[in-house]
Number of protein chains: 2
Amino acid sequence: MARSAPPVDATAGSALVTRLRQFIDLTTAEIASLQSLTRPLRKAQPHEDLITHGHASSTAVLLHQGWAIRHRALEDGRRQVLDFVIPGDFCDPSVFVTPVAGFSLTTITCCTWTPVSGSALLDLIAGSRRIGAMLWWLEAQEESLLRDHLFAIGRMNAQERLASLICELWTRLKNVELDIADGFEWPVNQEVIADATGLSVVHVNRTLRWLEHEGIIRRTGRVYHVHNPERLRYIAHAAKAGIGQTHLDPEIAARLRCSH
Amino acid sequence: MARSAPPVDATAGSALVTRLRQFIDLTTAEIASLQSLTRPLRKAQPHEDLITHGHASSTAVLLHQGWAIRHRALEDGRRQVLDFVIPGDFCDPSVFVTPVAGFSLTTITCCTWTPVSGSALLDLIAGSRRIGAMLWWLEAQEESLLRDHLFAIGRMNAQERLASLICELWTRLKNVELDIADGFEWPVNQEVIADATGLSVVHVNRTLRWLEHEGIIRRTGRVYHVHNPERLRYIAHAAKAGIGQTHLDPEIAARLRCSH
DNA sequence: CGTCGCCTTGAATCATGTCAACTACAGTGG
DNA sequence: CCACTGTAGTTGACATGATTCAAGGCGACG
């Protein structure tokens, strides 16, 4: 409530604002602050490294458009995709305190993004405690995703892993792209999915076909339609795991409202 | 350099200070601040929940003595240990912005710990930007561990997983208990290890015996001795993965030194 | 019309899981 | 002192989910 914010336009940088506004009323000043995180606006082609594993990375990355992955590889070719980075993701602020990146951040489609330096981050936080808390909250969400992912890979079988990954992405995308209904484009090949789920390409293929055969999802190229959301969530154990629950506590939201 | 801090006594609360002092020169004031995080001092028996999955948890937990695990379970009994919590671990500050815990924090030995509220945390940060950065750094380390763990479970075989877990714990313990040489007590049964590595108890047993048979480790009860550190690190791919690299960047340390 | 990337499928193989039994040891109560 | 119990570690035999290898299909592209 309070003073309601102006409608968000479709320019680059709106993804983070779109995402936050679903949970918090942002003031115009706050929106302006956040929009400052669109400068400088960088464009990247697919398969560009925005952060490289083992290299110094002095800035965090705010993604506005496109898809990217965070991943780490061994010399022998084995690779693990740690998570998928979609518009509105802030990846990863803590780079400020770590001298060397522990992973690579690589685009998989054309992207627009903004590098955010540690000092810019500190200024932003100093300027508004609420924004500081929001950033903190974003990072907590990211960590929560990482834990979900760890559980899935450690203790779930192929079907459950795929189901929970699809569930997760679907939900996250709905937070930043409001027009998403029952389907979304997942612009990655099955090798990437394999590396994300800790499975082999062949088995990912089989399992996707199984999900399709069961009428749980439909696929057209790389567009995934969730045909039976209930069953998908059931298989994914999403009631418990639930990224869907990642909302901001009303009480905390209220606290954010008080502190200026 | 500067004004050197007084020797740390062996009272509860020193674990965090010990850990930080290996990377940063702490002023007496800072040590005092950090020591304030020992009140109230709580004691817990083994198998007590300090945080319960799905419940509200309004405070973070700073562990002084003992071992704990963060874990999450499914109704059907499957469980994943997300990480091991040892003295000096701050677990987990972001609880302040999340209404419901996404995991349980359970002691496995007798512990001493301190609950830290969000406001206490904010006061601490407000009091000293350097301490704020240190806390941030601690959280970054924790996230880094989570990523290592994810890689291990997703892409490594049983031997590599066990090796990297042992490597990790050994290194972390050395940061808080300076008298550790080539061995440490790991006070968990093999079921916990199985849940941490995503393996079955039986296979954990076989793999531990294999590590022992190869002369890489020795075990006496739950005391683990690293007999061939080089080979252990080689198997764990620890050169790349390396928690060992988790040092504070000199440049960043310097920056911390400037900001008061 | 050949090549390339990706998806798909079958068959063989392997790492790991499951089931079940046995050992060792500590505690407890008679 | 013994019998009983429970927890944890250990081991073998077998089952199976997932990997690997290998081949074919299919569309995009030059």
# chains A, B, ... in the order shown; residues from 1 in each chain; ligands from 1
>>> residues_around(residues="DT28 in chain C", least_positions_apart="6", cutoff="12 Å", atoms="only C-alpha atoms (C1' of nucleotides)", output="PyMOL selection string")
chain D and resi 2-6
>>> interface_residues(of="chain B", to="chain C", cutoff="9 Å", atoms="only C-alpha atoms (C1' of nucleotides)", output="ChimeraX atom specification")
/B:157-158,199-200,202-203
>>> write_last_selection(atoms="all heavy atoms", output="tab-separated table (two decimals), in the first residue's frame")
chain	number	residue	atom	x	y	z
B	157	ASN	N	32.24	-40.46	-7.96
B	157	ASN	CA	31.89	-41.80	-7.50
B	157	ASN	C	32.12	-41.91	-5.99
B	157	ASN	O	32.58	-40.95	-5.36
B	157	ASN	CB	32.69	-42.85	-8.27
B	157	ASN	CG	34.18	-42.75	-8.01
B	157	ASN	OD1	34.60	-42.27	-6.96
B	157	ASN	ND2	34.97	-43.19	-8.95
B	158	ALA	N	31.81	-43.06	-5.46
B	158	ALA	CA	31.82	-43.21	-4.01
B	158	ALA	C	33.18	-42.88	-3.39
B	158	ALA	O	33.25	-42.17	-2.39
B	158	ALA	CB	31.41	-44.64	-3.65
B	199	LEU	N	24.99	-41.94	-0.56
B	199	LEU	CA	25.23	-43.36	-0.80
B	199	LEU	C	24.44	-44.19	0.20
B	199	LEU	O	23.79	-43.66	1.09
B	199	LEU	CB	26.72	-43.66	-0.65
B	199	LEU	CG	27.68	-42.93	-1.59
B	199	LEU	CD1	29.10	-43.02	-1.10
B	199	LEU	CD2	27.56	-43.47	-3.00
B	200	SER	N	24.51	-45.51	0.08
B	200	SER	CA	23.89	-46.38	1.06
B	200	SER	C	24.91	-46.70	2.15
B	200	SER	O	26.12	-46.60	1.93
B	200	SER	CB	23.43	-47.67	0.41
B	200	SER	OG	24.54	-48.42	-0.02
B	202	VAL	N	25.78	-49.47	3.42
B	202	VAL	CA	26.63	-50.59	3.04
B	202	VAL	C	27.77	-50.12	2.14
B	202	VAL	O	28.92	-50.53	2.32
B	202	VAL	CB	25.79	-51.67	2.34
B	202	VAL	CG1	26.68	-52.78	1.83
B	202	VAL	CG2	24.75	-52.23	3.29
B	203	HIS	N	27.42	-49.28	1.21
B	203	HIS	CA	28.46	-48.87	0.27
B	203	HIS	C	29.46	-47.92	0.91
B	203	HIS	O	30.64	-47.94	0.57
B	203	HIS	CB	27.83	-48.22	-0.96
B	203	HIS	CG	28.70	-48.30	-2.17
B	203	HIS	ND1	29.12	-49.50	-2.69
B	203	HIS	CD2	29.28	-47.34	-2.92
B	203	HIS	CE1	29.90	-49.26	-3.74
B	203	HIS	NE2	30.01	-47.96	-3.90
>>> select_by_dssp(residues="range 26-157 of chain A", states="strand (DSSP E or B)", output="PyMOL selection string")
chain A and resi 42-44+49-51+59-65+68-73+79-85+90-91+104-107+111-117
>>> write_last_selection(atoms="C-alpha atoms", output="compact mmCIF listing (two decimals), in the first residue's frame")
# COMPACT_ATOMS: atom_id res chain seq x y z
CA ARG A 42 26.08 -5.30 -21.24
CA LYS A 43 25.07 -7.69 -23.98
CA ALA A 44 26.46 -11.18 -24.32
CA ASP A 49 31.71 -16.63 -19.68
CA LEU A 50 30.58 -13.79 -17.47
CA ILE A 51 32.52 -15.26 -14.56
CA THR A 59 31.90 -7.92 -9.71
CA ALA A 60 28.61 -9.61 -9.13
CA VAL A 61 26.30 -10.12 -12.08
CA LEU A 62 22.69 -9.04 -12.37
CA LEU A 63 20.97 -10.78 -15.25
CA HIS A 64 18.21 -8.90 -17.06
CA GLN A 65 17.40 -11.04 -20.06
CA ALA A 68 22.81 -18.62 -18.06
CA ILE A 69 24.20 -21.42 -15.96
CA ARG A 70 26.59 -21.59 -13.06
CA HIS A 71 28.73 -24.66 -13.40
CA ARG A 72 32.01 -26.23 -12.49
CA ALA A 73 34.06 -28.75 -14.41
CA ARG A 79 30.76 -31.16 -15.22
CA GLN A 80 28.12 -30.14 -12.74
CA VAL A 81 25.60 -27.44 -13.43
CA LEU A 82 25.05 -25.81 -10.06
CA ASP A 83 22.01 -23.83 -11.06
CA PHE A 84 20.20 -22.08 -13.83
CA VAL A 85 20.32 -18.30 -13.86
CA PHE A 90 21.59 -11.63 -8.80
CA CYS A 91 24.63 -13.80 -9.15
CA SER A 104 31.84 -20.36 -14.03
CA LEU A 105 28.85 -18.31 -15.06
CA THR A 106 28.16 -18.94 -18.72
CA THR A 107 25.40 -17.64 -20.95
CA CYS A 111 21.75 -12.06 -22.51
CA THR A 112 21.69 -8.57 -21.15
CA TRP A 113 23.30 -8.03 -17.79
CA THR A 114 25.04 -5.56 -15.53
CA PRO A 115 28.23 -6.03 -13.57
CA VAL A 116 27.81 -4.76 -10.02
CA SER A 117 30.91 -3.88 -8.06
>>> closest_residue(among="A:Ala236, A:Val97, A:Val204, A:Ala120", to="chain D", atoms="only C-alpha atoms (C1' of nucleotides)")
A:Val204
>>> select_by_dssp(residues="range 99-196 of chain A", states="alpha helix (DSSP H)", output="MDAnalysis selection string")
chainID A and resid 118:127 129:155 158:176 190:196
>>> closest_atom_pairs(of="chain B", to="chain A", cutoff="6 Å", atoms="only C-alpha atoms", output="tab-separated table")
residue	atom	partner	partner_atom	distance
B:Gln80	CA	A:Phe151	CA	5.7
B:Ser94	CA	A:Ala140	CA	5.8
B:Val97	CA	A:Trp137	CA	5.7
B:Pro99	CA	A:Asp249	CA	5.2
B:Trp137	CA	A:Val97	CA	5.7
B:Ala140	CA	A:Ser94	CA	5.7
B:Leu150	CA	A:Leu150	CA	5.6
B:Phe151	CA	A:Gln80	CA	5.7
B:Gly154	CA	A:Gly198	CA	4.4
B:Arg155	CA	A:Gly198	CA	5.9
B:Gly198	CA	A:Gly154	CA	4.4
B:Asp249	CA	A:Pro99	CA	5.2
>>> interface_residues(of="chain B", to="chain D", cutoff="12 Å", atoms="only C-alpha atoms (C1' of nucleotides)", output="list in words")
Val188, Asn189, Gln190, Glu191, Val192, Val201, Val202, His203, Val204, Asn205, Arg206, Thr207, Leu208, Arg209, Gly221 and Arg222 of chain B
>>> atom_distance(atom1="CA of Gln45 in chain A", atom2="CA of Glu177 in chain A")
21.4 Å
>>> atom_distance(atom1="CA of Thr52 in chain A", atom2="CA of Pro40 in chain A")
19.9 Å
>>> atom_distance(atom1="CA of Leu173 in chain B", atom2="CA of Thr18 in chain B")
11.1 Å
>>> residues_around(residues="range 227-234 of chain B", least_positions_apart="5", cutoff="8 Å", atoms="only C-alpha atoms (C1' of nucleotides)", output="list of chain:residue names")
B:Ala163, B:Ser164, B:Cys167, B:Asp182, B:Gly215, B:Ile216, B:Ile217, B:Arg218, B:Ala239
